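S.K.: To start, I am sharing the structure in question, which I have written as structure tokens.
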Amino acid sequence: MSEAHAADTADRLLRTQEVAVWLAVSKSTLVRWRQSLEGPDVYWLADGVPRYRASDVERWLTGRSTARPRALRRVGARAGSTW
């Protein structure tokens, strides 16, 4: 792959649905992250036309996987457990 093609791919603008599929989350989760400023950077081409740069999503995902430990959760807790 040429450097120009790699740069084009990294700077490709993705729709909400494409990013949601990539991250395996619903579109509404991505919208909620966008509204709370928790998700990847978003670019507005016009009112109601958000786009995400692939390189920004990749950077956000990398930062998210190394920035904080997973919180402890009570998954499948049963009555009588010591939790």
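Convention: chains lettered A, B, ... in structure tokens order; per-chain residue numbering from 1; ligands numbered from 1 as shown.
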Select from range 37-70 of chain A every residue with an atom at most 12 Å from any atom of range 11-17 of chain A, then for each give the shortest pair of atoms and their distance in Å to one decimal, using only C-alpha atoms, rows by chain and rising number, as a Markdown table.

M.R.:
| residue | atom | partner | partner_atom | distance |
| --- | --- | --- | --- | --- |
| A:Gly39 | CA | A:Thr16 | CA | 11.4 |
| A:Pro40 | CA | A:Thr16 | CA | 10.9 |
| A:Asp41 | CA | A:Leu13 | CA | 11.3 |
| A:Val42 | CA | A:Thr16 | CA | 9.5 |
| A:Tyr43 | CA | A:Leu13 | CA | 8.7 |
| A:Trp44 | CA | A:Leu13 | CA | 10.6 |
| A:Leu45 | CA | A:Leu13 | CA | 10.1 |
| A:Gly48 | CA | A:Thr16 | CA | 10.9 |
| A:Val49 | CA | A:Arg15 | CA | 8.4 |
| A:Pro50 | CA | A:Arg15 | CA | 6.9 |
| A:Arg51 | CA | A:Arg15 | CA | 5.2 |
| A:Tyr52 | CA | A:Leu14 | CA | 5.0 |
| A:Arg53 | CA | A:Leu13 | CA | 4.6 |
| A:Ala54 | CA | A:Arg12 | CA | 5.7 |
| A:Ser55 | CA | A:Asp11 | CA | 6.0 |
| A:Asp56 | CA | A:Asp11 | CA | 8.4 |
| A:Val57 | CA | A:Leu14 | CA | 9.4 |
| A:Glu58 | CA | A:Asp11 | CA | 10.8 |

S.K.: Just C-alpha atoms for this one: save the residues we selected as a PDB file, in the first residue's frame.

M.R.:
ATOM      1  CA  GLY A  39     -16.498   9.638  22.020  1.00  0.00           C
ATOM      2  CA  PRO A  40     -14.114  10.171  19.141  1.00  0.00           C
ATOM      3  CA  ASP A  41     -13.806  13.630  17.607  1.00  0.00           C
ATOM      4  CA  VAL A  42     -16.642  14.482  15.259  1.00  0.00           C
ATOM      5  CA  TYR A  43     -16.703  16.810  12.256  1.00  0.00           C
ATOM      6  CA  TRP A  44     -19.927  18.433  11.106  1.00  0.00           C
ATOM      7  CA  LEU A  45     -20.233  18.762   7.344  1.00  0.00           C
ATOM      8  CA  GLY A  48     -27.268  16.844  11.065  1.00  0.00           C
ATOM      9  CA  VAL A  49     -24.318  15.487   9.048  1.00  0.00           C
ATOM     10  CA  PRO A  50     -21.663  14.260  11.492  1.00  0.00           C
ATOM     11  CA  ARG A  51     -18.564  12.486  10.222  1.00  0.00           C
ATOM     12  CA  TYR A  52     -15.672  10.803  11.980  1.00  0.00           C
ATOM     13  CA  ARG A  53     -12.111  10.692  10.700  1.00  0.00           C
ATOM     14  CA  ALA A  54     -10.863   7.090  10.782  1.00  0.00           C
ATOM     15  CA  SER A  55      -7.539   8.124  12.334  1.00  0.00           C
ATOM     16  CA  ASP A  56      -9.373   9.965  15.147  1.00  0.00           C
ATOM     17  CA  VAL A  57     -11.489   6.902  15.906  1.00  0.00           C
ATOM     18  CA  GLU A  58      -8.381   4.722  15.976  1.00  0.00           C
TER      19      GLU A  58
END

S.K.: To one decimal place in Å, what is the distance between CA of Val21 in chain A and CA of Ala46 in chain A?

M.R.: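 Between these atoms lies a distance of 22.5 Å.
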
S.K.: From range 29-74 of chain A, collect each residue whose DSSP state is strand (DSSP E) and return the set as a PyMOL selection string.

M.R.: chain A and resi 43-46+49-53

S.K.: Could you save those same residues with C-alpha atoms as a PDB file, in the first residue's frame?

M.R.:
ATOM      1  CA  TYR A  43     -16.703  16.810  12.256  1.00  0.00           C
ATOM      2  CA  TRP A  44     -19.927  18.433  11.106  1.00  0.00           C
ATOM      3  CA  LEU A  45     -20.233  18.762   7.344  1.00  0.00           C
ATOM      4  CA  ALA A  46     -23.613  20.476   7.824  1.00  0.00           C
ATOM      5  CA  VAL A  49     -24.318  15.487   9.048  1.00  0.00           C
ATOM      6  CA  PRO A  50     -21.663  14.260  11.492  1.00  0.00           C
ATOM      7  CA  ARG A  51     -18.564  12.486  10.222  1.00  0.00           C
ATOM      8  CA  TYR A  52     -15.672  10.803  11.980  1.00  0.00           C
ATOM      9  CA  ARG A  53     -12.111  10.692  10.700  1.00  0.00           C
TER      10      ARG A  53
END
